[in-house]
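Student: What follows is the file work.cif, containing mmCIF, C-alpha atoms:
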```cif
data_my_file
loop_
_atom_site.label_atom_id
_atom_site.label_comp_id
_atom_site.auth_asym_id
_atom_site.auth_seq_id
_atom_site.Cartn_x
_atom_site.Cartn_y
_atom_site.Cartn_z
CA MET A 1 104.92 86.57 84.70
CA LEU A 2 106.57 89.54 86.35
CA PRO A 3 106.22 89.66 90.16
CA ARG A 4 105.27 93.32 89.90
CA TYR A 5 105.13 96.12 87.35
CA LEU A 6 103.70 99.59 86.77
CA THR A 7 101.11 100.61 84.21
CA VAL A 8 98.61 103.40 83.58
CA LYS A 9 95.51 103.15 85.77
CA GLU A 10 92.83 103.45 83.11
CA TYR A 11 91.86 105.40 80.03
CA GLY A 12 92.09 109.14 80.53
CA GLU A 13 93.09 112.40 78.95
CA HIS A 14 94.65 115.67 80.06
CA GLU A 15 95.12 118.93 78.17
CA ILE A 16 97.79 121.60 78.52
CA ASN A 17 98.40 124.80 76.55
CA ILE A 18 101.88 125.90 75.47
CA GLN A 19 102.40 129.04 73.37
CA LYS A 20 98.76 128.93 72.22
CA SER A 21 99.03 125.31 71.02
CA ARG A 22 96.74 122.75 72.64
CA PHE A 23 98.39 119.46 73.63
CA ILE A 24 95.93 116.71 74.61
CA ALA A 25 97.47 113.58 76.13
CA GLN A 26 95.30 110.47 75.83
CA LEU A 27 96.44 107.35 77.65
CA LYS A 28 95.31 103.76 77.89
CA ARG A 29 96.44 100.35 79.14
CA VAL A 30 96.81 97.79 76.33
CA GLU A 31 97.67 94.11 76.09
CA SER A 32 98.88 93.88 72.50
CA GLU A 33 100.28 95.91 69.64
CA GLN A 34 96.94 95.55 67.87
CA ASP A 35 95.20 97.13 70.88
CA ALA A 36 97.66 100.03 70.72
CA HIS A 37 97.19 100.42 66.98
CA ASP A 38 93.38 100.43 67.33
CA PHE A 39 93.56 103.05 70.08
CA ILE A 40 95.80 105.32 68.00
CA GLN A 41 93.54 105.02 64.96
CA GLY A 42 90.52 105.80 67.12
CA ILE A 43 92.15 108.98 68.41
CA LYS A 44 93.07 110.00 64.87
CA LYS A 45 89.46 109.64 63.80
CA LYS A 46 88.26 111.58 66.84
CA HIS A 47 90.75 114.39 66.26
CA TRP A 48 90.80 114.20 62.47
CA ASN A 49 91.24 117.98 62.19
CA ALA A 50 94.19 118.20 64.60
CA THR A 51 97.58 119.34 63.35
CA HIS A 52 99.30 116.21 64.71
CA ASN A 53 98.42 113.01 66.58
CA CYS A 54 101.79 111.79 67.88
CA SER A 55 102.07 108.50 69.69
CA ALA A 56 104.21 105.96 71.49
CA TYR A 57 103.72 102.66 73.28
CA LEU A 58 105.56 100.06 75.35
CA ILE A 59 104.22 96.50 75.47
CA GLY A 60 105.50 93.24 76.95
CA GLU A 61 107.12 92.04 80.14
CA HIS A 62 110.54 93.15 78.89
CA ASP A 63 109.32 96.02 76.68
CA GLN A 64 109.74 93.79 73.63
CA ILE A 65 107.38 95.98 71.59
CA GLN A 66 107.99 99.72 71.56
CA LYS A 67 107.22 102.27 68.92
CA ALA A 68 107.17 106.04 68.53
CA ASN A 69 105.52 108.10 65.78
CA ASP A 70 106.03 111.83 65.14
CA ASP A 71 103.01 112.14 62.80
CA GLY A 72 104.51 115.01 60.83
CA GLU A 73 106.41 116.79 63.58
CA PRO A 74 110.20 117.09 62.99
CA SER A 75 111.87 113.72 63.44
CA GLY A 76 112.52 112.81 67.07
CA THR A 77 110.63 115.76 68.58
CA ALA A 78 107.32 114.11 69.50
CA GLY A 79 107.02 110.31 69.55
CA VAL A 80 110.42 109.71 71.13
CA PRO A 81 109.88 112.21 74.00
CA ILE A 82 106.55 110.49 74.74
CA LEU A 83 108.26 107.09 74.73
CA GLU A 84 111.10 108.35 76.94
CA VAL A 85 108.62 109.45 79.62
CA LEU A 86 107.05 105.97 79.62
CA LYS A 87 110.51 104.43 79.99
CA LYS A 88 111.57 106.84 82.73
CA ARG A 89 108.39 106.05 84.67
CA GLN A 90 109.07 102.31 84.09
CA LEU A 91 105.57 101.75 82.69
CA LYS A 92 104.49 98.70 80.76
CA ASP A 93 101.56 97.88 78.46
CA THR A 94 100.79 101.57 77.96
CA VAL A 95 99.94 103.62 74.87
CA VAL A 96 99.88 107.42 74.67
CA VAL A 97 98.65 109.71 71.92
CA VAL A 98 99.35 113.42 72.24
CA THR A 99 97.12 115.46 69.95
CA ARG A 100 98.32 118.93 69.00
CA TYR A 101 96.22 121.79 67.71
CA PHE A 102 98.73 124.34 66.42
CA GLY A 103 98.29 127.82 67.89
CA GLY A 104 100.39 129.82 65.45
CA ILE A 105 103.68 130.00 67.35
CA LYS A 106 106.50 127.66 66.35
CA LEU A 107 108.25 126.03 69.31
CA GLY A 108 111.45 124.78 67.68
CA ALA A 109 112.89 121.30 68.17
CA GLY A 110 113.77 121.78 71.83
CA GLY A 111 110.41 123.35 72.59
CA LEU A 112 108.55 120.49 70.93
CA ILE A 113 110.54 117.86 72.85
CA ARG A 114 109.75 119.60 76.14
CA ALA A 115 106.08 120.12 75.22
CA TYR A 116 105.38 116.50 74.24
CA GLY A 117 107.29 115.23 77.26
CA LYS A 118 105.41 117.57 79.58
CA ALA A 119 102.04 116.66 78.10
CA THR A 120 102.76 112.97 78.64
CA SER A 121 104.10 113.39 82.15
CA GLU A 122 101.22 115.57 83.30
CA GLY A 123 98.77 113.20 81.61
CA LEU A 124 100.15 110.29 83.61
CA ASP A 125 99.92 112.29 86.82
CA ALA A 126 96.30 113.20 86.06
CA VAL A 127 95.15 109.72 85.05
CA GLY A 128 97.22 107.83 87.62
CA VAL A 129 99.59 104.89 87.70
CA VAL A 130 99.03 101.53 89.42
CA GLU A 131 101.38 98.84 90.64
CA ARG A 132 100.27 95.34 89.68
CA ARG A 133 101.59 92.66 92.05
CA LEU A 134 101.45 88.94 91.30
CA VAL A 135 99.60 87.17 94.10
CA GLN A 136 98.41 83.68 94.91
CA ILE A 137 94.81 83.22 96.00
CA MET A 138 94.97 81.02 99.10
CA GLN A 139 91.80 79.14 100.02
CA VAL A 140 91.55 78.67 103.78
CA LYS A 141 88.82 76.32 105.04
CA ILE A 142 87.84 76.49 108.70
CA ASP A 143 84.99 75.55 111.01
CA TYR A 144 82.46 78.33 111.66
CA THR A 145 83.69 78.62 115.24
CA TRP A 146 86.98 80.06 113.95
CA LEU A 147 85.44 82.62 111.58
CA GLY A 148 85.32 85.62 113.93
CA LYS A 149 88.92 85.29 115.05
CA ILE A 150 90.40 84.55 111.63
CA GLU A 151 88.48 87.34 109.90
CA ARG A 152 89.58 89.87 112.53
CA GLU A 153 93.20 88.77 112.27
CA LEU A 154 93.17 88.95 108.48
CA ARG A 155 91.54 92.38 108.32
CA SER A 156 94.18 93.82 110.64
CA SER A 157 97.04 92.20 108.68
CA GLU A 158 98.84 92.98 105.42
CA TYR A 159 96.76 90.34 103.59
CA LYS A 160 93.61 91.20 101.65
CA ILE A 161 90.47 89.07 101.73
CA LYS A 162 89.00 88.34 98.31
CA ASP A 163 85.89 86.37 99.34
CA ILE A 164 84.27 84.57 102.23
CA LEU A 165 82.23 81.56 101.11
CA TYR A 166 79.72 80.10 103.55
CA LEU A 167 79.64 76.39 102.71
CA ASP A 168 79.66 73.29 104.93
CA ASN A 169 82.74 74.95 106.34
CA VAL A 170 83.81 78.53 105.80
CA GLN A 171 86.21 79.18 102.94
CA ILE A 172 88.17 82.42 103.05
CA ASP A 173 89.98 83.35 99.85
CA VAL A 174 92.98 85.56 100.54
CA TYR A 175 95.45 87.36 98.27
CA VAL A 176 99.01 86.39 99.26
CA GLU A 177 102.22 87.43 97.55
CA GLU A 178 103.98 84.35 96.20
CA ASP A 179 107.09 84.77 98.33
CA LYS A 180 104.94 84.92 101.45
CA VAL A 181 102.77 81.85 100.87
CA GLN A 182 104.63 79.62 103.33
CA ILE A 183 104.68 82.37 105.98
CA PHE A 184 100.92 82.80 105.53
CA MET A 185 100.25 79.06 105.77
CA ASP A 186 102.31 78.75 108.96
CA TRP A 187 100.40 81.69 110.44
CA MET A 188 97.01 80.14 109.66
CA VAL A 189 98.07 76.84 111.23
CA GLU A 190 99.21 78.67 114.35
CA LEU A 191 96.01 80.75 114.64
CA THR A 192 93.72 77.73 114.30
CA ASN A 193 95.82 75.24 116.26
CA GLY A 194 96.14 73.27 113.04
CA GLN A 195 92.35 73.12 112.53
CA CYS A 196 92.30 74.43 109.00
CA THR A 197 92.93 73.13 105.51
CA MET A 198 94.45 75.18 102.72
CA GLY A 199 94.65 75.05 98.98
CA LYS A 200 95.84 77.25 96.16
CA GLY A 201 93.51 79.01 93.77
CA GLU A 202 94.43 81.19 90.81
CA THR A 203 97.53 83.32 90.45
CA VAL A 204 96.38 86.85 89.60
CA TYR A 205 97.55 90.44 89.58
CA LEU A 206 96.39 92.71 92.38
CA GLU A 207 96.39 96.46 91.71
CA GLN A 208 97.01 99.39 93.98
CA ASP A 209 97.63 103.07 93.31
CA PHE A 210 101.29 103.89 92.87
CA ILE A 211 102.57 107.07 94.48
CA ARG A 212 105.89 108.38 93.23
#
```
Please express the file's structure as structure tokens.
Tutor:
Amino acid sequence: MLPRYLTVKEYGEHEINIQKSRFIAQLKRVESEQDAHDFIQGIKKKHWNATHNCSAYLIGEHDQIQKANDDGEPSGTAGVPILEVLKKRQLKDTVVVVTRYFGGIKLGAGGLIRAYGKATSEGLDAVGVVERRLVQIMQVKIDYTWLGKIERELRSSEYKIKDILYLDNVQIDVYVEEDKVQIFMDWMVELTNGQCTMGKGETVYLEQDFIR
């Protein structure tokens, strides 16, 4: 599993107009090539009367699966520019379909490349990109007398609290980046004078908005 990577935030769409043609970028996060294929087919059904539904996707930790489709536009003028934007932005597990409704003015090869690239780029800006960081859920168990102090310290730190479970003792589940687990454990021991026990929960991805 990658320690961190970028992907599109959620499903969304964004429309631009170039020389009277409508370009509608539709974006989604996917986990498999089948997911990407289903999304593309869904867009084609939705925009069945569009002039073109061009698409591209990147899937896999090392971009093992990547595909671009011009859907009738001149070869290399639509799908590849979409894919190149995804690569330039270093996105993973993302599919994009740019639907075009022709407005009567031909753009030429260069114009098409710029238009599909712009539609994709602006679509990503509108929908948003997130960074997914691999984190370990650390389970810290303490006596109730330590709760106030530990919660205050955690909320003013770089670590994020996932849950506080009120059991025989208090269990605080905290998201900790894997390379900081030992630092975190040492800190907890210091704060509680060694009066805590710790265990590891799941390893998960934590998301936060990515600002270029």
Student: Which residue, A:Gln136, A:Thr120, A:Asn193, A:Ser32, has the smallest gap to Ile150 (chain A) when you use all atoms listed in the file?
Tutor: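 Selected residue with least distance to Ile150 (chain A): A:Asn193.
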Student: Counting all atoms listed in the file, which residue out of A:Ala50, A:Ile105, A:Leu124, A:Ile161 sits closest to Ile82 (chain A)?
Tutor: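 Of all the options, A:Leu124 lies closest to Ile82 (chain A).
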Student: Which residues are near Arg114 (chain A)? Cut-off 12 Å, only C-alpha atoms, ignore same chain within fewer than 2 positions. Put them as a ChimeraX atom specification.
Tutor: /A:18,23,76-82,84-85,107-112,116-122
Student: Between CA of Glu13 (chain A) and CA of Gln90 (chain A), what distance in Å does the model show, to one decimal?
Tutor: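 Here the two named atoms are 19.6 Å from each other.
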Student: Pick from A:Thr94, A:Gln171, A:Asn17, A:Thr7: nearest to Asp35 (chain A), with all atoms listed in the file counted?
Tutor: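 Once distances to Asp35 (chain A) are computed over all atoms listed in the file, the minimum belongs to A:Thr94.
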Student: Under the rule that only C-alpha atoms are counted, which of A:Val30, A:Ala36, A:Leu6, A:Val140 is the nearest residue to Lys162 (chain A)?
Tutor: A:Val140
Student: Which of these residues is nearest to Lys87 (chain A), using all atoms listed in the file: A:Ala25, A:Leu58, A:Ala68, A:Ala115?
Tutor: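 Residue with the minimum atom-to-atom distance to Lys87 (chain A): A:Leu58.
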Student: So that I can see what lies close to Met185 (chain A), please list as number ranges by chain the residues with an atom at most 10 Å from it, counting only C-alpha atoms and leaving out residues fewer than 5 positions away in the same chain.
Tutor: A: 138, 140, 176, 180, 190-191, 196-199
Student: List the residues selected by the PyMOL selection byres ((chain A and resi 135) around 12) in the file shown, writing them as a PyMOL selection string.
Tutor: chain A and resi 1-4+132-134+136-138+159-160+162+173-181+200-207
Student: Can you measure CA of Lys46 (chain A) to CA of Asn69 (chain A) for me? One decimal in Å is fine.
Tutor: 17.6 Å
Student: Decode the PyMOL selection byres ((chain A and resi 103) around 9) for the given file into explicit residues and return them as a PyMOL selection string.
Tutor: chain A and resi 18-22+100-102+104-106
Student: Quick one: write out the picked residues with C-alpha atoms as a CSV table (one decimal), in the coordinates of the input?
Tutor:
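Printed below is part-v4.csv as written:
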```csv
chain,number,residue,atom,x,y,z
A,18,ILE,CA,101.9,125.9,75.5
A,19,GLN,CA,102.4,129.0,73.4
A,20,LYS,CA,98.8,128.9,72.2
A,21,SER,CA,99.0,125.3,71.0
A,22,ARG,CA,96.7,122.8,72.6
A,100,ARG,CA,98.3,118.9,69.0
A,101,TYR,CA,96.2,121.8,67.7
A,102,PHE,CA,98.7,124.3,66.4
A,104,GLY,CA,100.4,129.8,65.4
A,105,ILE,CA,103.7,130.0,67.4
A,106,LYS,CA,106.5,127.7,66.4
```
Student: Provide the CA of Asn53 (chain A) to CA of Val127 (chain A) distance in Å, to one decimal place.
Tutor: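 Computed distance, CA of Asn53 (chain A) to CA of Val127 (chain A), equals 19.0 Å.
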Student: Could you check which of A:Gln66, A:Thr192, A:Gln26, A:Gln139 is closest to Glu153 (chain A), using all atoms listed in the file?
Tutor: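 Among A:Gln66, A:Thr192, A:Gln26, A:Gln139, it is A:Thr192 that comes nearest to Glu153 (chain A).
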Student: Where's the centre, and what are the edge lengths in Å to one decimal, of a box along x, y and z enclosing all listed atoms of region 191-210 of chain A padded 3 Å per side, as JSON?
Tutor:
```
{"center_x": 96.8, "center_y": 88.5, "center_z": 102.9, "size_x": 15.0, "size_y": 36.8, "size_z": 32.7}
```
Student: For the structure provided, state which residues fall under the PyMOL selection byres ((chain A and resi 61) around 8), and present them as a PyMOL selection string.
Tutor: chain A and resi 1-2+59-60+62-64+92
Student: Could you write those residues out with C-alpha atoms, as a PDB file, in the frame of the given file?
Tutor:
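Okay, this is what ended up in selection-v9.pdb:
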```pdb
ATOM      1  CA  MET A   1     104.920  86.570  84.700  1.00  0.00           C
ATOM      2  CA  LEU A   2     106.570  89.540  86.350  1.00  0.00           C
ATOM      3  CA  ILE A  59     104.220  96.500  75.470  1.00  0.00           C
ATOM      4  CA  GLY A  60     105.500  93.240  76.950  1.00  0.00           C
ATOM      5  CA  HIS A  62     110.540  93.150  78.890  1.00  0.00           C
ATOM      6  CA  ASP A  63     109.320  96.020  76.680  1.00  0.00           C
ATOM      7  CA  GLN A  64     109.740  93.790  73.630  1.00  0.00           C
ATOM      8  CA  LYS A  92     104.490  98.700  80.760  1.00  0.00           C
TER       9      LYS A  92
END
```
Student: What's the 9 Å shell around Gly72 (chain A), counting all atoms listed in the file, without same-chain residues fewer than 6 positions away, as an MDAnalysis selection string?
Tutor: chainID A and resid 51:54
